[in-house]
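Report on the structure given below.
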Amino acid sequence: MKPRAAPRVLLRLMDDREVPPETSGEARVAIWGPLEARLQRRDLMILGGLNEGVWPAPPGEDPFLSRPMRFELGLPSHDERIGLAAHDFAQLASAPQVVLTRALRREGAPTLASRWLWRLQTLVKGAGETLATADAPLAWAQALDRPNAHREPKVPKPRPPAGARLKRISVTQVETLIRDPYALYARKILGLEVLRAIGEAAGPAERGTAVHEAIELFQDGDDQALLMRLLEQQLRLNGIAPERRFADSARMLVSAQALIAWFRERRAKQPVVYRERRGELTLDDGVVLSGVADRIEIGAGFAAILDFKTGQPPSDKQVETGLSPQLTLEAAMLKRGVFKDTPAARATELIYWRFGGADPTPRAVKLESTAEEAGEEALANLRALLKRYAAPEQAFLSKPRVLRVRIYDDYDQLARRQEWADAEGEE
């Protein structure tokens, strides 16, 4: 095999292999499987996992051979494993001192006791005896987690000192400051970055980065095959799995065709195009506003700012109300000429271009005012917002204006949100 294929092949070979857990070093305790326990004994035997579907496990499915075919070929029946499991249980349950345990719930759902337990209870009942329960040990275990007193959940309200507040913020982080200030506090002030899990598959963020890089390299060309090659190359370099790239190819092809046709229309206006331009604007109290404009077009009597999205772009209402001020803030920055190697201009168009979706079309943001006026209003609102968060008494709250409730966000565990969100009435 090729060297780059070796890790994936190794993972597939390891998928159905089980490694027994390491011992804690306590010689008096051993954790065995049924095969190991057949030949060994301890003073106290604990038979765990006595749930139907666990012990005994359901017979496996053979996608190639039916039961009659296995019989004709002389292969053992899958049901023999159930007989072997019954033999293991009978042998182990005959030890001098035995504890039988099962889980009442599994992955949140109620469970059914193993058939071995039902038959043992019936046998004992017929003998006029009863099985001793473990009420006392269960009560001891539950007491370990029982609080001594009820404690009201506390909503986090961090108030860092004035000298430790925000010094830099990007145009995309402004929305985070509006919707979830605590997340920005954790990331920008505490310096806590989210760590990706080892071996975690690439997701929407990597896909978006790949699309941006491919479009930047393509510039304003009209070679559809070249754009598709660039997309495939960047998706691969950003870790998108081959099967995901293959499944996404049809949408990418439609988006590539639509983008090339749109480029052709824009060339008729003969604009000067500036791609992936970075800019910084120093605001009050030395706070630096930064941003990267995906595409800026400046022509005779117009200036357009465009942002490529691989997900759902903000609605016109969200832009109008200032909840999603990325493009409007970039319009204010363009007016002040802070984008690198880009002349100052008054924005007349704000455009979102959704690439890779079911409907790959550009959408000009419709505002009640002009794009320039919306940019000035967004900048004024940001100055007021930063002034408020510069005050020592202003707390960085967790999701005061959440757009959509997710089961788990990056900094929700740090904010202990599950402890107090229900008490605060969040749905």
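Here's how to read the names in the structure tokens: chain A, B, ... by the order shown, residue numbers from 1 in each chain, ligand numbers from 1 in the order shown.
All residues of protein, DNA or RNA that reach within 7 Å of Tyr274 in chain A, judged by only C-alpha atoms and not counting those fewer than 3 positions away in the chain, are Arg277, Arg295, Ile296 and Glu297 of chain A.
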Q | For Ala95 in chain A: contacts at 9 Å, only C-alpha atoms, fewer than 3 positions along chain excluded, given as a VMD selection string | A | chain A and resid 41 to 45 91 to 92 98
Q) Could you name the residues that touch Arg275 in chain A at 10 Å or less, counting only C-alpha atoms, but leaving out those on the same chain fewer than 6 positions away, as a list in words? A) Ile215, Glu216, Leu217, Gln219, Val292, Ala293, Asp294, Arg295, Ile296, Glu297, Leu306 and Thr342 of chain A
Using DSSP assignments from the backbone, pull out every residue in range 64-300 of chain A that falls under helix (DSSP H, G or I) and give it to me as a tab-separated table (two decimals) with N, CA, C and O atoms, in the first residue's frame.
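See part_10.tsv below for the written result:
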chain	number	residue	atom	x	y	z
A	67	ARG	N	-28.46	-19.03	7.73
A	67	ARG	CA	-28.32	-20.12	8.70
A	67	ARG	C	-28.30	-21.49	8.01
A	67	ARG	O	-27.46	-22.34	8.34
A	68	PRO	N	-29.23	-21.77	7.05
A	68	PRO	CA	-29.15	-23.08	6.37
A	68	PRO	C	-27.84	-23.27	5.61
A	68	PRO	O	-27.29	-24.38	5.58
A	69	MET	N	-27.33	-22.19	5.01
A	69	MET	CA	-26.08	-22.31	4.28
A	69	MET	C	-24.93	-22.62	5.22
A	69	MET	O	-24.05	-23.45	4.90
A	70	ARG	N	-24.91	-21.99	6.39
A	70	ARG	CA	-23.85	-22.29	7.36
A	70	ARG	C	-23.94	-23.75	7.81
A	70	ARG	O	-22.92	-24.42	7.99
A	71	PHE	N	-25.18	-24.25	7.99
A	71	PHE	CA	-25.36	-25.65	8.41
A	71	PHE	C	-24.85	-26.60	7.33
A	71	PHE	O	-24.18	-27.61	7.63
A	72	GLU	N	-25.19	-26.30	6.05
A	72	GLU	CA	-24.77	-27.16	4.96
A	72	GLU	C	-23.25	-27.19	4.81
A	72	GLU	O	-22.66	-28.21	4.44
A	80	GLU	N	-24.77	-20.93	18.90
A	80	GLU	CA	-23.90	-21.66	19.82
A	80	GLU	C	-23.26	-20.73	20.84
A	80	GLU	O	-22.94	-21.14	21.95
A	81	ARG	N	-23.07	-19.47	20.44
A	81	ARG	CA	-22.47	-18.52	21.38
A	81	ARG	C	-23.39	-18.26	22.56
A	81	ARG	O	-22.92	-17.97	23.67
A	82	ILE	N	-24.71	-18.32	22.33
A	82	ILE	CA	-25.64	-18.14	23.44
A	82	ILE	C	-25.52	-19.31	24.41
A	82	ILE	O	-25.53	-19.14	25.64
A	83	GLY	N	-25.38	-20.51	23.86
A	83	GLY	CA	-25.16	-21.67	24.72
A	83	GLY	C	-23.87	-21.56	25.51
A	83	GLY	O	-23.82	-21.92	26.69
A	84	LEU	N	-22.82	-21.05	24.86
A	84	LEU	CA	-21.55	-20.85	25.56
A	84	LEU	C	-21.69	-19.80	26.66
A	84	LEU	O	-21.13	-19.95	27.74
A	85	ALA	N	-22.46	-18.73	26.37
A	85	ALA	CA	-22.68	-17.70	27.39
A	85	ALA	C	-23.45	-18.27	28.58
A	85	ALA	O	-23.18	-17.93	29.73
A	86	ALA	N	-24.44	-19.17	28.31
A	86	ALA	CA	-25.18	-19.81	29.40
A	86	ALA	C	-24.25	-20.69	30.23
A	86	ALA	O	-24.35	-20.73	31.47
A	87	HIS	N	-23.34	-21.39	29.57
A	87	HIS	CA	-22.37	-22.23	30.29
A	87	HIS	C	-21.48	-21.38	31.18
A	87	HIS	O	-21.22	-21.71	32.34
A	88	ASP	N	-21.00	-20.25	30.65
A	88	ASP	CA	-20.16	-19.35	31.44
A	88	ASP	C	-20.90	-18.85	32.67
A	88	ASP	O	-20.36	-18.82	33.78
A	89	PHE	N	-22.16	-18.44	32.47
A	89	PHE	CA	-22.92	-17.90	33.60
A	89	PHE	C	-23.15	-18.97	34.66
A	89	PHE	O	-22.97	-18.73	35.86
A	90	ALA	N	-23.54	-20.16	34.22
A	90	ALA	CA	-23.81	-21.23	35.19
A	90	ALA	C	-22.55	-21.57	35.97
A	90	ALA	O	-22.60	-21.82	37.19
A	91	GLN	N	-21.42	-21.60	35.29
A	91	GLN	CA	-20.18	-21.95	35.96
A	91	GLN	C	-19.75	-20.87	36.95
A	91	GLN	O	-19.37	-21.16	38.09
A	92	LEU	N	-19.84	-19.61	36.51
A	92	LEU	CA	-19.39	-18.52	37.37
A	92	LEU	C	-20.36	-18.26	38.52
A	92	LEU	O	-19.95	-17.89	39.62
A	93	ALA	N	-21.67	-18.43	38.26
A	93	ALA	CA	-22.65	-18.20	39.32
A	93	ALA	C	-22.60	-19.27	40.40
A	93	ALA	O	-23.23	-19.12	41.45
A	115	ARG	N	-31.73	-12.92	30.60
A	115	ARG	CA	-32.55	-14.13	30.77
A	115	ARG	C	-31.98	-15.04	31.84
A	115	ARG	O	-32.71	-15.80	32.47
A	116	TRP	N	-30.65	-14.95	32.06
A	116	TRP	CA	-30.06	-15.77	33.11
A	116	TRP	C	-30.59	-15.35	34.48
A	116	TRP	O	-30.85	-16.19	35.35
A	117	LEU	N	-30.75	-14.06	34.70
A	117	LEU	CA	-31.28	-13.59	35.98
A	117	LEU	C	-32.72	-14.04	36.18
A	117	LEU	O	-33.12	-14.46	37.28
A	118	TRP	N	-33.53	-13.93	35.11
A	118	TRP	CA	-34.93	-14.35	35.22
A	118	TRP	C	-35.01	-15.84	35.58
A	118	TRP	O	-35.81	-16.25	36.46
A	119	ARG	N	-34.23	-16.66	34.94
A	119	ARG	CA	-34.28	-18.11	35.20
A	119	ARG	C	-33.76	-18.45	36.59
A	119	ARG	O	-34.27	-19.34	37.27
A	120	LEU	N	-32.73	-17.71	37.01
A	120	LEU	CA	-32.19	-17.95	38.36
A	120	LEU	C	-33.22	-17.57	39.42
A	120	LEU	O	-33.40	-18.28	40.41
A	121	GLN	N	-33.91	-16.44	39.22
A	121	GLN	CA	-34.93	-16.02	40.17
A	121	GLN	C	-36.07	-17.04	40.24
A	121	GLN	O	-36.60	-17.35	41.31
A	122	THR	N	-36.45	-17.56	39.05
A	122	THR	CA	-37.51	-18.58	39.04
A	122	THR	C	-37.07	-19.84	39.77
A	122	THR	O	-37.85	-20.45	40.54
A	123	LEU	N	-35.83	-20.28	39.56
A	123	LEU	CA	-35.30	-21.46	40.21
A	123	LEU	C	-35.26	-21.29	41.72
A	123	LEU	O	-35.66	-22.17	42.49
A	124	VAL	N	-34.77	-20.12	42.17
A	124	VAL	CA	-34.67	-19.86	43.61
A	124	VAL	C	-36.06	-19.78	44.24
A	124	VAL	O	-36.29	-20.28	45.35
A	125	LYS	N	-36.99	-19.17	43.52
A	125	LYS	CA	-38.36	-19.06	44.04
A	125	LYS	C	-38.99	-20.44	44.19
A	125	LYS	O	-39.70	-20.73	45.16
A	126	GLY	N	-38.72	-21.33	43.20
A	126	GLY	CA	-39.26	-22.70	43.30
A	126	GLY	C	-38.67	-23.46	44.46
A	126	GLY	O	-39.30	-24.40	44.98
A	135	ASP	N	-29.14	-3.62	48.79
A	135	ASP	CA	-29.64	-2.28	49.11
A	135	ASP	C	-28.61	-1.45	49.87
A	135	ASP	O	-28.44	-0.25	49.61
A	136	ALA	N	-27.95	-2.05	50.82
A	136	ALA	CA	-26.99	-1.28	51.63
A	136	ALA	C	-25.82	-0.77	50.79
A	136	ALA	O	-25.50	0.42	50.84
A	137	PRO	N	-25.15	-1.61	49.98
A	137	PRO	CA	-24.06	-1.06	49.14
A	137	PRO	C	-24.54	0.00	48.17
A	137	PRO	O	-23.82	0.98	47.92
A	138	LEU	N	-25.75	-0.16	47.62
A	138	LEU	CA	-26.28	0.87	46.72
A	138	LEU	C	-26.48	2.18	47.46
A	138	LEU	O	-26.18	3.26	46.94
A	139	ALA	N	-26.99	2.11	48.66
A	139	ALA	CA	-27.20	3.33	49.46
A	139	ALA	C	-25.86	3.99	49.76
A	139	ALA	O	-25.76	5.23	49.75
A	140	TRP	N	-24.83	3.20	50.02
A	140	TRP	CA	-23.51	3.78	50.29
A	140	TRP	C	-22.99	4.50	49.04
A	140	TRP	O	-22.44	5.61	49.14
A	141	ALA	N	-23.14	3.87	47.88
A	141	ALA	CA	-22.66	4.49	46.64
A	141	ALA	C	-23.41	5.78	46.34
A	141	ALA	O	-22.82	6.78	45.93
A	142	GLN	N	-24.73	5.77	46.56
A	142	GLN	CA	-25.51	6.98	46.30
A	142	GLN	C	-25.17	8.09	47.29
A	142	GLN	O	-25.22	9.27	46.94
A	143	ALA	N	-24.81	7.71	48.51
A	143	ALA	CA	-24.46	8.72	49.50
A	143	ALA	C	-23.19	9.48	49.14
A	143	ALA	O	-23.00	10.62	49.57
A	144	LEU	N	-22.31	8.84	48.34
A	144	LEU	CA	-21.08	9.52	47.94
A	144	LEU	C	-21.37	10.77	47.11
A	144	LEU	O	-20.62	11.75	47.17
A	145	ASP	N	-22.45	10.74	46.33
A	145	ASP	CA	-22.79	11.87	45.45
A	145	ASP	C	-23.90	12.75	46.01
A	145	ASP	O	-24.30	13.71	45.35
A	162	ALA	N	-10.21	46.96	34.51
A	162	ALA	CA	-10.18	47.79	33.30
A	162	ALA	C	-8.93	47.53	32.46
A	162	ALA	O	-9.00	47.53	31.23
A	163	GLY	N	-7.81	47.29	33.10
A	163	GLY	CA	-6.58	47.09	32.35
A	163	GLY	C	-6.48	45.74	31.67
A	163	GLY	O	-5.58	45.52	30.86
A	164	ALA	N	-7.41	44.81	31.98
A	164	ALA	CA	-7.36	43.47	31.40
A	164	ALA	C	-8.52	43.21	30.45
A	164	ALA	O	-8.84	42.07	30.18
A	173	GLN	N	-15.83	38.69	15.36
A	173	GLN	CA	-15.99	38.50	16.81
A	173	GLN	C	-16.94	39.51	17.44
A	173	GLN	O	-17.38	39.31	18.57
A	174	VAL	N	-17.28	40.55	16.72
A	174	VAL	CA	-18.22	41.54	17.25
A	174	VAL	C	-19.57	40.87	17.49
A	174	VAL	O	-20.24	41.12	18.50
A	175	GLU	N	-20.00	40.01	16.57
A	175	GLU	CA	-21.26	39.29	16.77
A	175	GLU	C	-21.18	38.39	18.00
A	175	GLU	O	-22.17	38.25	18.73
A	176	THR	N	-20.02	37.79	18.25
A	176	THR	CA	-19.85	36.99	19.46
A	176	THR	C	-19.97	37.86	20.70
A	176	THR	O	-20.58	37.45	21.70
A	177	LEU	N	-19.41	39.07	20.66
A	177	LEU	CA	-19.52	39.98	21.80
A	177	LEU	C	-20.97	40.35	22.06
A	177	LEU	O	-21.36	40.55	23.22
A	178	ILE	N	-21.77	40.43	21.01
A	178	ILE	CA	-23.18	40.78	21.18
A	178	ILE	C	-23.97	39.58	21.71
A	178	ILE	O	-24.77	39.72	22.64
A	179	ARG	N	-23.73	38.40	21.15
A	179	ARG	CA	-24.56	37.25	21.46
A	179	ARG	C	-24.03	36.43	22.63
A	179	ARG	O	-24.81	35.88	23.41
A	181	PRO	N	-20.95	37.17	25.12
A	181	PRO	CA	-19.74	37.85	25.61
A	181	PRO	C	-18.82	36.93	26.41
A	181	PRO	O	-17.60	37.11	26.39
A	182	TYR	N	-19.39	35.96	27.11
A	182	TYR	CA	-18.56	35.08	27.93
A	182	TYR	C	-17.57	34.30	27.08
A	182	TYR	O	-16.42	34.08	27.49
A	183	ALA	N	-18.00	33.87	25.89
A	183	ALA	CA	-17.09	33.13	25.01
A	183	ALA	C	-15.91	34.00	24.60
A	183	ALA	O	-14.76	33.54	24.53
A	184	LEU	N	-16.17	35.28	24.32
A	184	LEU	CA	-15.08	36.19	23.95
A	184	LEU	C	-14.18	36.47	25.15
A	184	LEU	O	-12.96	36.60	25.02
A	185	TYR	N	-14.78	36.56	26.33
A	185	TYR	CA	-14.01	36.75	27.56
A	185	TYR	C	-13.05	35.57	27.77
A	185	TYR	O	-11.87	35.76	28.07
A	186	ALA	N	-13.56	34.35	27.60
A	186	ALA	CA	-12.73	33.17	27.81
A	186	ALA	C	-11.60	33.09	26.79
A	186	ALA	O	-10.47	32.71	27.12
A	187	ARG	N	-11.90	33.46	25.55
A	187	ARG	CA	-10.90	33.32	24.49
A	187	ARG	C	-9.92	34.47	24.46
A	187	ARG	O	-8.70	34.26	24.37
A	188	LYS	N	-10.41	35.69	24.53
A	188	LYS	CA	-9.54	36.87	24.34
A	188	LYS	C	-8.87	37.33	25.63
A	188	LYS	O	-7.74	37.81	25.61
A	189	ILE	N	-9.58	37.24	26.76
A	189	ILE	CA	-9.04	37.77	28.01
A	189	ILE	C	-8.34	36.67	28.81
A	189	ILE	O	-7.22	36.86	29.30
A	204	PRO	N	-16.99	21.84	9.19
A	204	PRO	CA	-17.40	22.99	8.37
A	204	PRO	C	-16.36	24.10	8.32
A	204	PRO	O	-16.22	24.76	7.29
A	205	ALA	N	-15.62	24.33	9.40
A	205	ALA	CA	-14.62	25.40	9.41
A	205	ALA	C	-13.52	25.12	8.39
A	205	ALA	O	-13.12	26.02	7.62
A	206	GLU	N	-13.03	23.89	8.36
A	206	GLU	CA	-11.99	23.53	7.40
A	206	GLU	C	-12.53	23.57	5.97
A	206	GLU	O	-11.82	23.97	5.04
A	207	ARG	N	-13.77	23.18	5.80
A	207	ARG	CA	-14.38	23.24	4.47
A	207	ARG	C	-14.47	24.68	3.99
A	207	ARG	O	-14.17	25.00	2.84
A	208	GLY	N	-14.88	25.58	4.88
A	208	GLY	CA	-14.95	27.00	4.51
A	208	GLY	C	-13.60	27.57	4.16
A	208	GLY	O	-13.46	28.34	3.20
A	209	THR	N	-12.58	27.21	4.95
A	209	THR	CA	-11.23	27.69	4.66
A	209	THR	C	-10.75	27.21	3.29
A	209	THR	O	-10.15	27.97	2.52
A	210	ALA	N	-11.03	25.96	2.98
A	210	ALA	CA	-10.61	25.40	1.69
A	210	ALA	C	-11.28	26.13	0.53
A	210	ALA	O	-10.63	26.44	-0.48
A	211	VAL	N	-12.57	26.41	0.65
A	211	VAL	CA	-13.29	27.11	-0.42
A	211	VAL	C	-12.74	28.51	-0.61
A	211	VAL	O	-12.52	28.97	-1.75
A	212	HIS	N	-12.48	29.23	0.48
A	212	HIS	CA	-11.92	30.57	0.38
A	212	HIS	C	-10.56	30.55	-0.33
A	212	HIS	O	-10.28	31.39	-1.19
A	213	GLU	N	-9.71	29.60	0.06
A	213	GLU	CA	-8.37	29.54	-0.53
A	213	GLU	C	-8.44	29.20	-2.02
A	213	GLU	O	-7.68	29.75	-2.82
A	214	ALA	N	-9.35	28.29	-2.39
A	214	ALA	CA	-9.48	27.92	-3.80
A	214	ALA	C	-9.97	29.10	-4.64
A	214	ALA	O	-9.45	29.36	-5.74
A	215	ILE	N	-10.94	29.85	-4.14
A	215	ILE	CA	-11.46	31.00	-4.89
A	215	ILE	C	-10.41	32.09	-5.00
A	215	ILE	O	-10.28	32.76	-6.04
A	216	GLU	N	-9.63	32.27	-3.95
A	216	GLU	CA	-8.56	33.27	-4.00
A	216	GLU	C	-7.52	32.90	-5.05
A	216	GLU	O	-7.05	33.76	-5.82
A	217	LEU	N	-7.15	31.63	-5.12
A	217	LEU	CA	-6.18	31.19	-6.12
A	217	LEU	C	-6.74	31.27	-7.53
A	217	LEU	O	-6.03	31.56	-8.49
A	218	PHE	N	-8.03	31.04	-7.67
A	218	PHE	CA	-8.67	31.05	-8.99
A	218	PHE	C	-8.79	32.47	-9.55
A	218	PHE	O	-8.80	32.68	-10.77
A	224	GLN	N	-13.58	26.33	-15.75
A	224	GLN	CA	-14.31	25.57	-14.75
A	224	GLN	C	-13.50	24.37	-14.23
A	224	GLN	O	-13.50	24.09	-13.03
A	225	ALA	N	-12.79	23.70	-15.12
A	225	ALA	CA	-11.98	22.55	-14.70
A	225	ALA	C	-10.89	22.96	-13.72
A	225	ALA	O	-10.59	22.24	-12.76
A	226	LEU	N	-10.29	24.13	-13.97
A	226	LEU	CA	-9.25	24.62	-13.06
A	226	LEU	C	-9.83	24.90	-11.68
A	226	LEU	O	-9.22	24.53	-10.66
A	227	LEU	N	-11.00	25.53	-11.61
A	227	LEU	CA	-11.62	25.83	-10.32
A	227	LEU	C	-11.94	24.54	-9.57
A	227	LEU	O	-11.72	24.45	-8.36
A	228	MET	N	-12.43	23.52	-10.26
A	228	MET	CA	-12.75	22.26	-9.61
A	228	MET	C	-11.48	21.58	-9.09
A	228	MET	O	-11.48	20.98	-8.01
A	229	ARG	N	-10.39	21.68	-9.86
A	229	ARG	CA	-9.12	21.10	-9.38
A	229	ARG	C	-8.63	21.83	-8.14
A	229	ARG	O	-8.12	21.20	-7.20
A	230	LEU	N	-8.76	23.15	-8.14
A	230	LEU	CA	-8.33	23.92	-6.97
A	230	LEU	C	-9.17	23.58	-5.75
A	230	LEU	O	-8.66	23.47	-4.63
A	231	LEU	N	-10.47	23.43	-5.95
A	231	LEU	CA	-11.35	23.06	-4.84
A	231	LEU	C	-10.97	21.69	-4.29
A	231	LEU	O	-10.88	21.49	-3.08
A	232	GLU	N	-10.77	20.72	-5.18
A	232	GLU	CA	-10.38	19.38	-4.75
A	232	GLU	C	-9.05	19.42	-4.00
A	232	GLU	O	-8.89	18.77	-2.95
A	233	GLN	N	-8.11	20.19	-4.52
A	233	GLN	CA	-6.79	20.28	-3.89
A	233	GLN	C	-6.87	20.89	-2.50
A	233	GLN	O	-6.31	20.37	-1.54
A	234	GLN	N	-7.59	22.01	-2.37
A	234	GLN	CA	-7.67	22.68	-1.08
A	234	GLN	C	-8.49	21.88	-0.07
A	234	GLN	O	-8.16	21.87	1.12
A	235	LEU	N	-9.54	21.23	-0.51
A	235	LEU	CA	-10.31	20.39	0.40
A	235	LEU	C	-9.45	19.24	0.92
A	235	LEU	O	-9.51	18.90	2.11
A	236	ARG	N	-8.63	18.68	0.05
A	236	ARG	CA	-7.74	17.60	0.48
A	236	ARG	C	-6.68	18.12	1.45
A	236	ARG	O	-6.41	17.48	2.48
A	237	LEU	N	-6.08	19.28	1.15
A	237	LEU	CA	-5.05	19.83	2.02
A	237	LEU	C	-5.60	20.24	3.38
A	237	LEU	O	-4.87	20.26	4.37
A	242	PRO	N	-11.93	11.80	1.68
A	242	PRO	CA	-12.25	11.55	0.27
A	242	PRO	C	-13.74	11.30	0.03
A	242	PRO	O	-14.30	11.78	-0.96
A	243	GLU	N	-14.40	10.55	0.93
A	243	GLU	CA	-15.82	10.27	0.71
A	243	GLU	C	-16.66	11.55	0.82
A	243	GLU	O	-17.65	11.71	0.12
A	244	ARG	N	-16.23	12.46	1.70
A	244	ARG	CA	-16.96	13.73	1.81
A	244	ARG	C	-16.73	14.58	0.57
A	244	ARG	O	-17.66	15.24	0.07
A	245	ARG	N	-15.51	14.58	0.05
A	245	ARG	CA	-15.23	15.34	-1.17
A	245	ARG	C	-16.03	14.80	-2.34
A	245	ARG	O	-16.55	15.57	-3.16
A	246	PHE	N	-16.14	13.49	-2.42
A	246	PHE	CA	-16.90	12.88	-3.52
A	246	PHE	C	-18.39	13.23	-3.40
A	246	PHE	O	-19.03	13.58	-4.39
A	247	ALA	N	-18.92	13.16	-2.17
A	247	ALA	CA	-20.34	13.47	-1.98
A	247	ALA	C	-20.63	14.94	-2.24
A	247	ALA	O	-21.75	15.30	-2.63
A	248	ASP	N	-19.63	15.80	-2.04
A	248	ASP	CA	-19.81	17.25	-2.19
A	248	ASP	C	-19.53	17.72	-3.62
A	248	ASP	O	-19.76	18.90	-3.93
A	249	SER	N	-19.04	16.83	-4.47
A	249	SER	CA	-18.57	17.28	-5.78
A	249	SER	C	-19.68	17.86	-6.64
A	249	SER	O	-19.47	18.82	-7.38
A	250	ALA	N	-20.89	17.28	-6.57
A	250	ALA	CA	-22.00	17.77	-7.40
A	250	ALA	C	-22.37	19.21	-7.02
A	250	ALA	O	-22.54	20.07	-7.89
A	251	ARG	N	-22.47	19.48	-5.74
A	251	ARG	CA	-22.78	20.84	-5.30
A	251	ARG	C	-21.65	21.80	-5.65
A	251	ARG	O	-21.90	22.95	-6.03
A	252	MET	N	-20.45	21.34	-5.49
A	252	MET	CA	-19.32	22.19	-5.83
A	252	MET	C	-19.32	22.53	-7.32
A	252	MET	O	-18.99	23.66	-7.71
A	253	LEU	N	-19.70	21.57	-8.15
A	253	LEU	CA	-19.74	21.82	-9.59
A	253	LEU	C	-20.78	22.88	-9.93
A	253	LEU	O	-20.51	23.81	-10.71
A	254	VAL	N	-21.97	22.76	-9.35
A	254	VAL	CA	-23.01	23.76	-9.60
A	254	VAL	C	-22.57	25.13	-9.10
A	254	VAL	O	-22.78	26.16	-9.77
A	255	SER	N	-21.94	25.19	-7.94
A	255	SER	CA	-21.47	26.46	-7.40
A	255	SER	C	-20.37	27.05	-8.28
A	255	SER	O	-20.32	28.27	-8.49
A	256	ALA	N	-19.47	26.20	-8.77
A	256	ALA	CA	-18.39	26.69	-9.64
A	256	ALA	C	-18.96	27.29	-10.92
A	256	ALA	O	-18.51	28.35	-11.38
A	257	GLN	N	-19.94	26.65	-11.52
A	257	GLN	CA	-20.56	27.19	-12.72
A	257	GLN	C	-21.23	28.53	-12.44
A	257	GLN	O	-21.09	29.48	-13.22
A	258	ALA	N	-21.95	28.62	-11.33
A	258	ALA	CA	-22.63	29.87	-10.99
A	258	ALA	C	-21.63	30.99	-10.69
A	258	ALA	O	-21.84	32.15	-11.07
A	259	LEU	N	-20.52	30.66	-10.02
A	259	LEU	CA	-19.53	31.68	-9.68
A	259	LEU	C	-18.84	32.21	-10.93
A	259	LEU	O	-18.63	33.43	-11.07
A	260	ILE	N	-18.48	31.33	-11.87
A	260	ILE	CA	-17.82	31.77	-13.10
A	260	ILE	C	-18.76	32.66	-13.90
A	260	ILE	O	-18.34	33.68	-14.47
A	261	ALA	N	-20.06	32.30	-13.97
A	261	ALA	CA	-21.03	33.14	-14.67
A	261	ALA	C	-21.17	34.51	-13.99
A	261	ALA	O	-21.28	35.55	-14.66
A	262	TRP	N	-21.10	34.52	-12.67
A	262	TRP	CA	-21.21	35.80	-11.94
A	262	TRP	C	-19.96	36.65	-12.17
A	262	TRP	O	-20.06	37.86	-12.33
A	263	PHE	N	-18.79	36.02	-12.17
A	263	PHE	CA	-17.57	36.75	-12.47
A	263	PHE	C	-17.67	37.41	-13.85
A	263	PHE	O	-17.22	38.55	-14.05
A	264	ARG	N	-18.25	36.69	-14.80
A	264	ARG	CA	-18.38	37.22	-16.16
A	264	ARG	C	-19.28	38.47	-16.16
A	264	ARG	O	-18.99	39.45	-16.84
A	265	GLU	N	-20.34	38.43	-15.38
A	265	GLU	CA	-21.22	39.59	-15.28
A	265	GLU	C	-20.51	40.77	-14.62
A	265	GLU	O	-20.66	41.92	-15.04
A	266	ARG	N	-19.74	40.48	-13.58
A	266	ARG	CA	-19.06	41.57	-12.86
A	266	ARG	C	-17.97	42.22	-13.70
A	266	ARG	O	-17.70	43.42	-13.55
A	267	ARG	N	-17.32	41.45	-14.57
A	267	ARG	CA	-16.28	42.02	-15.41
A	267	ARG	C	-16.82	43.09	-16.35
A	267	ARG	O	-16.07	43.98	-16.77
A	284	ASP	N	-11.55	53.77	20.05
A	284	ASP	CA	-11.38	54.45	21.32
A	284	ASP	C	-10.61	53.57	22.30
A	284	ASP	O	-10.71	52.32	22.27
A	285	ASP	N	-9.86	54.18	23.18
A	285	ASP	CA	-9.10	53.51	24.23
A	285	ASP	C	-8.10	52.52	23.65
A	285	ASP	O	-7.69	51.56	24.33
A	286	GLY	N	-7.72	52.70	22.39
A	286	GLY	CA	-6.69	51.86	21.80
A	286	GLY	C	-7.14	50.49	21.36
A	286	GLY	O	-6.30	49.65	21.00
**Q.** Residues within 12 Å of Leu104 in chain A, only C-alpha atoms, excluding chain neighbours under 6 positions, as a ChimeraX atom specification
**A.** /A:49-52,110-114
Neighbour list for range 350-358 of chain A as a PDB file with C-alpha atoms, in the first residue's frame, cut-off 7 Å, only C-alpha atoms, skip fewer than 6 positions in-chain:
ATOM      1  CA  ARG A 251     -22.781  20.840  -5.298  1.00  0.00           C
ATOM      2  CA  MET A 252     -19.325  22.193  -5.829  1.00  0.00           C
ATOM      3  CA  SER A 255     -21.467  26.463  -7.398  1.00  0.00           C
ATOM      4  CA  ALA A 304     -18.822  46.508  -3.352  1.00  0.00           C
ATOM      5  CA  ILE A 305     -17.729  44.360  -0.402  1.00  0.00           C
ATOM      6  CA  LEU A 306     -18.324  40.636  -0.797  1.00  0.00           C
ATOM      7  CA  ASP A 307     -18.094  37.782   1.673  1.00  0.00           C
ATOM      8  CA  PHE A 308     -18.102  34.105   0.646  1.00  0.00           C
ATOM      9  CA  LYS A 309     -20.053  31.756   2.921  1.00  0.00           C
ATOM     10  CA  THR A 310     -20.216  27.974   2.867  1.00  0.00           C
ATOM     11  CA  GLY A 311     -22.933  28.004   5.537  1.00  0.00           C
ATOM     12  CA  PRO A 313     -25.320  33.771   5.672  1.00  0.00           C
ATOM     13  CA  LEU A 327     -19.991  43.581   6.248  1.00  0.00           C
ATOM     14  CA  ALA A 364     -27.049  41.762  -2.044  1.00  0.00           C
ATOM     15  CA  VAL A 365     -28.006  42.899   1.454  1.00  0.00           C
ATOM     16  CA  ALA A 371     -24.261  50.726   2.720  1.00  0.00           C
TER      17      ALA A 371
END
Q.
If we count only C-alpha atoms and set the cut-off at 10 Å, which residues sit around Gly299 in chain A, ignoring sequence neighbours fewer than 4 positions away in its own chain? Please answer as a ChimeraX atom specification.
A. /A:269-273,303-304,345
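Of note, CA of Lys2 in chain A and CA of Glu18 in chain A are spaced 26.6 Å apart.
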(Q) What's around Trp32 in chain A at 12 Å? Count only C-alpha atoms, leave out sequence neighbours fewer than 2 positions away in its own chain, and write the answer as a ChimeraX atom specification. (A) /A:19-23,29-30,34-42,45-48,92
